[in-house]
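> Could you have a look at this structure, given as structure tokens, before my questions?
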Amino acid sequence: MRTKISRGRLLRAALGICVALLLFLLLVPVVEFSAPLSTALLDHEGRLLGAVTAADGQWRFGVSEKVPRKFSTAIKLFEDRRFPYHPGVDPAAIVRAAWQDLRARRVVSGGSTLTMQVVRLSRPGRRRTVSEKMIEIILALRLEMARSKEDILALYTAYAPFGGNVVGLDAAAWRYFARPPAELSWAEAATLAVLPNRPGLIHPGRNRSLLLSRRNRLLDRLREHDDLGEDDCRLAKAEDLPGRPLPMPRLAPHLLERARRERDPKSRNAMVNTTLHADLQRRVNTLVERQHRRLAGNGVANLAVLIAETNSGKVLAYVGNCGDLADRRNGAHVDVIMAPRSSGSILKPFLYAAMLESGEILPDQLVPDIPTRIAGFAPQNFDRSFSGAVPASQALSRSLNVPAVRMLRSYGIDRFYALLRRLGLSTLFRPAQDYGLSLILGGAEVNLWEITALYAGLGRTVAQFFTETDLGETTRPLHYVSDAKAIRETTRKPAIGPGAAFATLEALVEVSRPGLDSGWRTFTSSRRVAFKTGTSYGFRDAWAVGLSPSYVVGVWAGNADGEGRPGLTGLLAAAPVLFDVFNGLRREKFFDSPEAVMAQITLCSSSGLRAGPNCRSRHIAEVPLSALPGRVCPYCRLIHLDATGRHRVHGDCEDISAMRPTKVFVLPPAMAWFFGPDNPEYQPLPAFRPDCRADEIDLGVPAMTCIYPDNRAEIYVPLELDGKRGRMVVEAAHSNPEASIFWHLDELYLGRTEGEHRLALAPAKGDHVLTLVDSNGTTLKRRFRVLRR
């Protein structure tokens, strides 16, 4: 019976203990820290790029993954030797502390373990009373049940005071020694280990001897416990104490602010590990400040540079702006890398690549560069001249506006808009038709971050062709955080294939660019870098983006407030910075041609189109498979000349045996009019012999064209200052340079022109019909409407 009662009591006791333990676990909370954290940027090797204080003004970097061995050894020996073994409370330490307090008749030791100190740190502002000590004991026991010893030590290391507004080992190591905690010497680790107990000892000019004495005593104890050798201890004692707190570096202040905004507020660690390279960041900062001084003479206040790896998308350097960040008048505080700006010509390569990909152009085919008016929109080239006809690749490298607008009209605004969105351009917040054809000339809003990413995508498409098992492209967005889990990779068929991307990059390597001085031409001749510049309307934004197999560099120059400045162009303001940056990067060979998606075809040397039977000069060229089949050249024709070779003839006016078949290259009149002066080798179509009727032959090329106005155009003709009708200038071109054109407006004869076919008119408000008749009776009509206030 007694045995049964004993067992019952034991069971009830065990049950009571379990219930008590359960209630303890349920009712006693695990301490948490809610203090705000700083934000600190580390480069890819753990070097500090910059930091800002927490919201409460403290340098507090949060919990690190691992406490460095030297500091861990020193702090446990100094504060809590039995930390690895006790359950959060050390009875021996409490008894010793009580005895010391009784002997001194005041509190000289609290007997707190590191765990209890963690509890106290989580409950700031509490008075040190017996009741508070009991609460700390209970909470310390609960904390030990919930966290490992490593976690508890990490919490103490993160939230212990180290003097002034410095909280935690990470902040202390950088503030006092300008290095990460893992690189601290034994002397430095011992200095910091004695500070939490009396953080006021670090004050410069005071308590230095006491701090030195405490540090050296701890070093002696480390030697006694065989953590430190005799010689190492002596050398450690010879090290100086830290002086005044050191300023935190500010190598990437704009990225630091961006990281502060984007950091997960629930994170226990304020350290943001980035992909940046501190040495490169420092060099680019110096370069930007030097170039900024040059630009400031023209009233240009802001400059930004972004460098990333082409394939991985890792950001290597991030200079969001330049100048004094405290001077808000010049907008130096604005992170221009993320600010939407007018795109200028920077999107043109993607239209060129898209048309290659869809087979709508061949790389070097001639495209029109002639006066163009589309629904009242009249694009102009930068130099306000026209080339008549220009190879598409050259139109891209010369950044000609008129061919780009005509190509966009052919490709489709909605289609190009959708392509840009698919490529990753998120700043297009308006519908496609709101942008219209100006989408290709600067009407779009873009930022340097996304533009640089778009160009990196072109290079990545080519590079991945040689590494991926299929033609799926792994999309790796630009990123500055080194955490691979935060990077969302997607694999899908690229919108622009490797062949079209390679041909586009080849076009962007062109070195003979107007505006580049000999120094930059020497650079681009010795180092193949695909690059594009852009200038927004009103000289407000200057862009330059360059690309090599390893690196992509984006540059923006201008004024953050949008003020334009004369000469603020991509070539003059941004390109020199781009080249200076590439001069500091590793040299490498250019992209390899993705031959499996390229084809060798025979092209007409005159038109850049597929050679037809009447093309006299031909050559073999490599083009993307996606661009095939390609149009056959329509400009090369077979004509018949008389025996003199000076006049055209046909069977009705010349004996067939006397005819000389001749292959000629003939452009439409408007293209020929502007093409001829810059291309002396181009010969206009010979005129028919006087006894041969021109209208009896059809070459498929119109004899004349009206350059202005377009058919059914609506034209605003303002009144002059004196109230008289304003004037408009009509213009035409003829395939025969010697032809005459007779002009009529609403059947009223206006006059005759030869050579340059231009005529000034003063039409009344309303609808009109302009009629042109040449010497052979060929007639052309244009209907237009005049608008006036």
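Ligands are numbered from 1 in the order shown, residues from 1 within each chain, and chains are lettered A, B, ... in the order they appear in the structure tokens.
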Please tabulate, as CSV, the residues of range 350-460 of chain A that come within 12 Å of range 673-695 of chain A, each with its closest pair of atoms and the distance in Å to one decimal, counting only C-alpha atoms and ordering rows by chain, then residue number upward.


residue,atom,partner,partner_atom,distance
A:Leu366,CA,A:Phe675,CA,10.9
A:Val367,CA,A:Phe675,CA,11.3
A:Pro368,CA,A:Phe675,CA,9.6
A:Asp369,CA,A:Phe674,CA,8.3
A:Ile370,CA,A:Phe674,CA,7.2
A:Pro371,CA,A:Phe674,CA,9.6
A:Ser385,CA,A:Phe674,CA,9.0
A:Phe386,CA,A:Phe674,CA,6.2
A:Ser387,CA,A:Phe675,CA,5.3
A:Gly388,CA,A:Phe674,CA,4.3
A:Ala389,CA,A:Phe675,CA,5.9
A:Val390,CA,A:Phe675,CA,8.3
A:Pro391,CA,A:Phe675,CA,11.7

> With N, CA, C and O atoms retained, could you export that selection as a CSV table (one decimal), in the first residue's frame?


chain,number,residue,atom,x,y,z
A,366,LEU,N,19.3,50.1,-97.1
A,366,LEU,CA,19.0,51.5,-97.1
A,366,LEU,C,17.6,51.8,-96.6
A,366,LEU,O,16.7,51.2,-96.9
A,367,VAL,N,17.6,52.8,-95.7
A,367,VAL,CA,16.3,53.3,-95.2
A,367,VAL,C,16.2,54.8,-95.6
A,367,VAL,O,17.2,55.5,-95.6
A,368,PRO,N,15.0,55.3,-95.8
A,368,PRO,CA,14.9,56.7,-96.2
A,368,PRO,C,15.2,57.7,-95.1
A,368,PRO,O,14.9,57.5,-93.9
A,369,ASP,N,16.0,58.7,-95.5
A,369,ASP,CA,16.2,59.8,-94.6
A,369,ASP,C,15.9,61.1,-95.3
A,369,ASP,O,16.8,61.8,-95.9
A,370,ILE,N,14.6,61.4,-95.4
A,370,ILE,CA,14.1,62.5,-96.2
A,370,ILE,C,13.1,63.3,-95.3
A,370,ILE,O,12.6,62.8,-94.3
A,371,PRO,N,12.8,64.5,-95.7
A,371,PRO,CA,11.8,65.3,-95.0
A,371,PRO,C,10.5,64.5,-94.8
A,371,PRO,O,10.0,63.9,-95.8
A,385,SER,N,19.9,68.1,-91.2
A,385,SER,CA,20.2,67.7,-92.6
A,385,SER,C,19.5,66.4,-92.9
A,385,SER,O,19.0,65.7,-92.0
A,386,PHE,N,19.6,66.0,-94.2
A,386,PHE,CA,19.0,64.8,-94.6
A,386,PHE,C,20.0,64.1,-95.5
A,386,PHE,O,20.8,64.7,-96.3
A,387,SER,N,20.1,62.8,-95.4
A,387,SER,CA,21.0,62.0,-96.2
A,387,SER,C,20.3,61.3,-97.4
A,387,SER,O,21.0,60.7,-98.2
A,388,GLY,N,19.0,61.4,-97.5
A,388,GLY,CA,18.3,60.8,-98.6
A,388,GLY,C,18.1,59.3,-98.3
A,388,GLY,O,16.9,58.9,-98.1
A,389,ALA,N,19.2,58.5,-98.3
A,389,ALA,CA,19.1,57.1,-98.0
A,389,ALA,C,20.4,56.8,-97.2
A,389,ALA,O,21.5,57.2,-97.5
A,390,VAL,N,20.2,55.9,-96.2
A,390,VAL,CA,21.3,55.6,-95.3
A,390,VAL,C,21.2,54.2,-94.9
A,390,VAL,O,20.0,53.7,-94.6
A,391,PRO,N,22.3,53.4,-94.8
A,391,PRO,CA,22.1,52.0,-94.2
A,391,PRO,C,21.5,52.0,-92.8
A,391,PRO,O,21.8,52.9,-92.0

> Output as a PyMOL selection string all residues of range 446-652 of chain A that backbone DSSP marks as helix (DSSP H, G or I).

chain A and resi 448-465+484-486+498-507+518-526+570-583+595-597+625-627

> Could you tell me how far CA of Ala304 in chain A sits from CA of Gln281 in chain A, in Å to one decimal place?

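The value is 12.3 Å.
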
> Find, counting only C-alpha atoms, the residue in A:Phe582, A:Tyr85, A:Phe78, A:Trp174 that gets nearest to Asp220 in chain A.

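When distances to Asp220 in chain A are compared using only C-alpha atoms, the smallest one comes from A:Phe78.
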
> Rounded to one decimal, what separation in Å do you get between CA of Pro245 in chain A and CA of Ala40 in chain A?

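A separation of 16.6 Å between them.
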
> Please build the interface table for range 263-319 of chain A against range 477-483 of chain A with a cut-off of 6 Å, listing for each qualifying residue the nearest atom pair and the distance in Å to one decimal; count only C-alpha atoms, order rows by chain and increasing number, and write it as CSV.


residue,atom,partner,partner_atom,distance
A:Asn273,CA,A:Ser482,CA,5.7
A:Thr274,CA,A:Val481,CA,4.3
A:Thr275,CA,A:Ser482,CA,5.2
A:Gly313,CA,A:Leu478,CA,4.3
A:Lys314,CA,A:His479,CA,5.4
A:Val315,CA,A:Tyr480,CA,5.1

> Any chance you can output those residues with all heavy atoms as a tab-separated table (two decimals), in the first residue's frame?


chain	number	residue	atom	x	y	z
A	273	ASN	N	24.57	43.13	-47.45
A	273	ASN	CA	25.71	42.63	-48.24
A	273	ASN	C	25.43	42.85	-49.72
A	273	ASN	O	24.44	42.33	-50.25
A	273	ASN	CB	25.92	41.14	-47.96
A	273	ASN	CG	26.35	40.89	-46.54
A	273	ASN	OD1	27.46	41.23	-46.15
A	273	ASN	ND2	25.46	40.31	-45.73
A	274	THR	N	26.28	43.63	-50.36
A	274	THR	CA	26.05	44.00	-51.75
A	274	THR	C	27.06	43.34	-52.67
A	274	THR	O	28.03	42.71	-52.23
A	274	THR	CB	26.13	45.53	-51.94
A	274	THR	OG1	27.51	45.94	-51.87
A	274	THR	CG2	25.33	46.26	-50.88
A	275	THR	N	26.84	43.52	-53.96
A	275	THR	CA	27.74	43.01	-55.00
A	275	THR	C	28.78	44.04	-55.40
A	275	THR	O	29.60	43.77	-56.28
A	275	THR	CB	26.92	42.61	-56.23
A	275	THR	OG1	26.19	43.76	-56.69
A	275	THR	CG2	25.94	41.50	-55.92
A	313	GLY	N	24.29	40.42	-63.96
A	313	GLY	CA	23.46	41.53	-63.48
A	313	GLY	C	23.93	42.11	-62.16
A	313	GLY	O	23.27	42.99	-61.60
A	314	LYS	N	25.07	41.65	-61.64
A	314	LYS	CA	25.58	42.18	-60.38
A	314	LYS	C	26.07	43.61	-60.56
A	314	LYS	O	26.88	43.88	-61.45
A	314	LYS	CB	26.73	41.32	-59.85
A	314	LYS	CG	26.34	39.91	-59.46
A	314	LYS	CD	27.58	39.13	-58.99
A	314	LYS	CE	27.21	37.71	-58.60
A	314	LYS	NZ	28.40	36.93	-58.21
A	315	VAL	N	25.60	44.50	-59.72
A	315	VAL	CA	26.04	45.89	-59.77
A	315	VAL	C	27.41	45.99	-59.11
A	315	VAL	O	27.60	45.53	-57.98
A	315	VAL	CB	25.03	46.82	-59.07
A	315	VAL	CG1	25.56	48.24	-58.99
A	315	VAL	CG2	23.70	46.80	-59.82

> Can you list, as a list in words, every protein, DNA or RNA residue that comes within 6 Å of range 532-543 of chain A when you count only C-alpha atoms, leaving out same-chain residues fewer than 6 positions away?

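Near range 532-543 of chain A, the qualifying residues are Ser342, Gly344, Ser345, Ile346, Gly442, Val555, Trp556, Ala557, Gly558, Gly562, Glu563, Gly564, Arg565, Leu568, Thr569, Gly570 and Ala574 of chain A.
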
> Mind pulling up the distance from CA of Val577 in chain A to CA of Pro498 in chain A?

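Answer for the CA of Pro498 in chain A to CA of Val577 in chain A separation: 28.6 Å.
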
> Residues of range 610-708 of chain A in strand (DSSP E or B) according to DSSP, as a PDB file with N, CA and C atoms, in the first residue's frame?


ATOM      1  N   ARG A 610      18.974  42.077-100.420  1.00  0.00           N
ATOM      2  CA  ARG A 610      19.371  40.873-101.155  1.00  0.00           C
ATOM      3  C   ARG A 610      19.596  41.228-102.614  1.00  0.00           C
ATOM      4  N   ARG A 618      28.106  43.234-105.846  1.00  0.00           N
ATOM      5  CA  ARG A 618      27.563  42.367-104.805  1.00  0.00           C
ATOM      6  C   ARG A 618      28.664  42.003-103.803  1.00  0.00           C
ATOM      7  N   HIS A 619      28.230  41.570-102.630  1.00  0.00           N
ATOM      8  CA  HIS A 619      29.190  41.081-101.646  1.00  0.00           C
ATOM      9  C   HIS A 619      28.496  40.094-100.715  1.00  0.00           C
ATOM     10  N   ILE A 620      29.295  39.264-100.074  1.00  0.00           N
ATOM     11  CA  ILE A 620      28.786  38.288 -99.119  1.00  0.00           C
ATOM     12  C   ILE A 620      28.806  38.927 -97.740  1.00  0.00           C
ATOM     13  N   ALA A 621      27.706  38.794 -97.011  1.00  0.00           N
ATOM     14  CA  ALA A 621      27.631  39.355 -95.666  1.00  0.00           C
ATOM     15  C   ALA A 621      26.938  38.380 -94.737  1.00  0.00           C
ATOM     16  N   GLU A 622      27.270  38.500 -93.449  1.00  0.00           N
ATOM     17  CA  GLU A 622      26.650  37.666 -92.420  1.00  0.00           C
ATOM     18  C   GLU A 622      25.489  38.431 -91.802  1.00  0.00           C
ATOM     19  N   VAL A 623      24.315  37.816 -91.815  1.00  0.00           N
ATOM     20  CA  VAL A 623      23.124  38.464 -91.262  1.00  0.00           C
ATOM     21  C   VAL A 623      22.418  37.479 -90.339  1.00  0.00           C
ATOM     22  N   PRO A 624      21.599  37.968 -89.415  1.00  0.00           N
ATOM     23  CA  PRO A 624      20.847  37.048 -88.550  1.00  0.00           C
ATOM     24  C   PRO A 624      19.860  36.213 -89.356  1.00  0.00           C
ATOM     25  N   VAL A 632      14.342  41.651-101.822  1.00  0.00           N
ATOM     26  CA  VAL A 632      15.260  41.728-102.962  1.00  0.00           C
ATOM     27  C   VAL A 632      15.360  43.195-103.381  1.00  0.00           C
ATOM     28  N   CYS A 636      17.926  48.505-108.160  1.00  0.00           N
ATOM     29  CA  CYS A 636      18.806  48.232-109.300  1.00  0.00           C
ATOM     30  C   CYS A 636      17.943  47.789-110.480  1.00  0.00           C
ATOM     31  N   ARG A 637      18.121  48.473-111.606  1.00  0.00           N
ATOM     32  CA  ARG A 637      17.251  48.265-112.778  1.00  0.00           C
ATOM     33  C   ARG A 637      18.083  48.033-114.032  1.00  0.00           C
ATOM     34  N   LEU A 638      17.448  47.388-114.976  1.00  0.00           N
ATOM     35  CA  LEU A 638      18.060  47.226-116.295  1.00  0.00           C
ATOM     36  C   LEU A 638      17.449  48.253-117.229  1.00  0.00           C
ATOM     37  N   ILE A 639      18.275  49.134-117.787  1.00  0.00           N
ATOM     38  CA  ILE A 639      17.798  50.135-118.738  1.00  0.00           C
ATOM     39  C   ILE A 639      18.559  49.956-120.054  1.00  0.00           C
ATOM     40  N   HIS A 640      18.098  50.657-121.064  1.00  0.00           N
ATOM     41  CA  HIS A 640      18.756  50.593-122.380  1.00  0.00           C
ATOM     42  C   HIS A 640      19.181  51.993-122.781  1.00  0.00           C
ATOM     43  N   LEU A 641      20.452  52.121-123.129  1.00  0.00           N
ATOM     44  CA  LEU A 641      21.003  53.401-123.560  1.00  0.00           C
ATOM     45  C   LEU A 641      21.276  53.360-125.052  1.00  0.00           C
ATOM     46  N   ARG A 648      18.546  57.397-122.502  1.00  0.00           N
ATOM     47  CA  ARG A 648      17.776  56.172-122.491  1.00  0.00           C
ATOM     48  C   ARG A 648      16.953  56.082-123.773  1.00  0.00           C
ATOM     49  N   ARG A 660      22.167  49.566-125.756  1.00  0.00           N
ATOM     50  CA  ARG A 660      23.195  49.067-124.830  1.00  0.00           C
ATOM     51  C   ARG A 660      22.530  48.764-123.477  1.00  0.00           C
ATOM     52  N   PRO A 661      22.287  47.477-123.172  1.00  0.00           N
ATOM     53  CA  PRO A 661      21.692  47.147-121.864  1.00  0.00           C
ATOM     54  C   PRO A 661      22.653  47.571-120.728  1.00  0.00           C
ATOM     55  N   THR A 662      22.130  48.239-119.764  1.00  0.00           N
ATOM     56  CA  THR A 662      22.962  48.748-118.662  1.00  0.00           C
ATOM     57  C   THR A 662      22.223  48.587-117.338  1.00  0.00           C
ATOM     58  N   LYS A 663      22.940  48.087-116.329  1.00  0.00           N
ATOM     59  CA  LYS A 663      22.369  47.967-114.985  1.00  0.00           C
ATOM     60  C   LYS A 663      22.687  49.237-114.196  1.00  0.00           C
ATOM     61  N   VAL A 664      21.647  49.827-113.614  1.00  0.00           N
ATOM     62  CA  VAL A 664      21.835  51.074-112.870  1.00  0.00           C
ATOM     63  C   VAL A 664      21.169  50.981-111.496  1.00  0.00           C
ATOM     64  N   PHE A 665      21.661  51.801-110.588  1.00  0.00           N
ATOM     65  CA  PHE A 665      21.108  51.915-109.238  1.00  0.00           C
ATOM     66  C   PHE A 665      20.320  53.221-109.185  1.00  0.00           C
ATOM     67  N   PHE A 688      15.564  60.405-121.254  1.00  0.00           N
ATOM     68  CA  PHE A 688      15.273  59.788-122.542  1.00  0.00           C
ATOM     69  C   PHE A 688      15.741  60.701-123.666  1.00  0.00           C
ATOM     70  N   MET A 704       8.687  61.782-110.194  1.00  0.00           N
ATOM     71  CA  MET A 704       8.839  62.866-109.232  1.00  0.00           C
ATOM     72  C   MET A 704       8.002  62.562-108.004  1.00  0.00           C
ATOM     73  N   THR A 705       8.345  63.282-106.937  1.00  0.00           N
ATOM     74  CA  THR A 705       7.611  63.129-105.675  1.00  0.00           C
ATOM     75  C   THR A 705       7.489  64.485-105.014  1.00  0.00           C
ATOM     76  N   CYS A 706       6.418  64.646-104.261  1.00  0.00           N
ATOM     77  CA  CYS A 706       6.215  65.883-103.507  1.00  0.00           C
ATOM     78  C   CYS A 706       6.745  65.658-102.092  1.00  0.00           C
ATOM     79  N   ILE A 707       7.771  66.407-101.740  1.00  0.00           N
ATOM     80  CA  ILE A 707       8.359  66.271-100.415  1.00  0.00           C
ATOM     81  C   ILE A 707       7.471  66.929 -99.370  1.00  0.00           C
ATOM     82  N   TYR A 708       6.914  68.080 -99.714  1.00  0.00           N
ATOM     83  CA  TYR A 708       6.022  68.778 -98.786  1.00  0.00           C
ATOM     84  C   TYR A 708       5.025  69.585 -99.600  1.00  0.00           C
TER      85      TYR A 708
END

> Which residues, written as an mmCIF file with C-alpha atoms, in the first residue's frame, have at least one atom at most 10 Å from Met271 in chain A, with only C-alpha atoms counted and residues fewer than 3 positions away on the same chain left out?


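Below is the file around_14.cif, written as the result:
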data_model
loop_
_atom_site.group_PDB
_atom_site.id
_atom_site.type_symbol
_atom_site.label_atom_id
_atom_site.label_comp_id
_atom_site.auth_asym_id
_atom_site.auth_seq_id
_atom_site.Cartn_x
_atom_site.Cartn_y
_atom_site.Cartn_z
ATOM 1 C CA LEU A 37 18.405 49.510 -36.616
ATOM 2 C CA SER A 38 20.852 51.482 -38.693
ATOM 3 C CA THR A 39 21.456 50.595 -42.328
ATOM 4 C CA ALA A 40 24.965 49.625 -43.412
ATOM 5 C CA LEU A 41 26.251 48.690 -46.856
ATOM 6 C CA LEU A 42 29.027 46.119 -47.261
ATOM 7 C CA GLY A 46 32.548 42.633 -46.490
ATOM 8 C CA LEU A 48 31.949 48.913 -45.343
ATOM 9 C CA ALA A 51 26.087 53.517 -42.945
ATOM 10 C CA ARG A 60 23.104 49.862 -34.127
ATOM 11 C CA PHE A 61 23.777 47.205 -36.778
ATOM 12 C CA GLY A 62 21.725 44.334 -35.372
ATOM 13 C CA VAL A 63 22.462 40.636 -34.941
ATOM 14 C CA SER A 64 25.286 39.044 -36.910
ATOM 15 C CA ASP A 170 29.720 45.606 -35.493
ATOM 16 C CA ALA A 259 18.867 50.166 -49.353
ATOM 17 C CA ARG A 263 15.439 46.754 -46.484
ATOM 18 C CA SER A 267 15.252 41.865 -40.493
ATOM 19 C CA ARG A 268 17.368 41.500 -37.336
ATOM 20 C CA THR A 274 26.047 43.998 -51.753
#
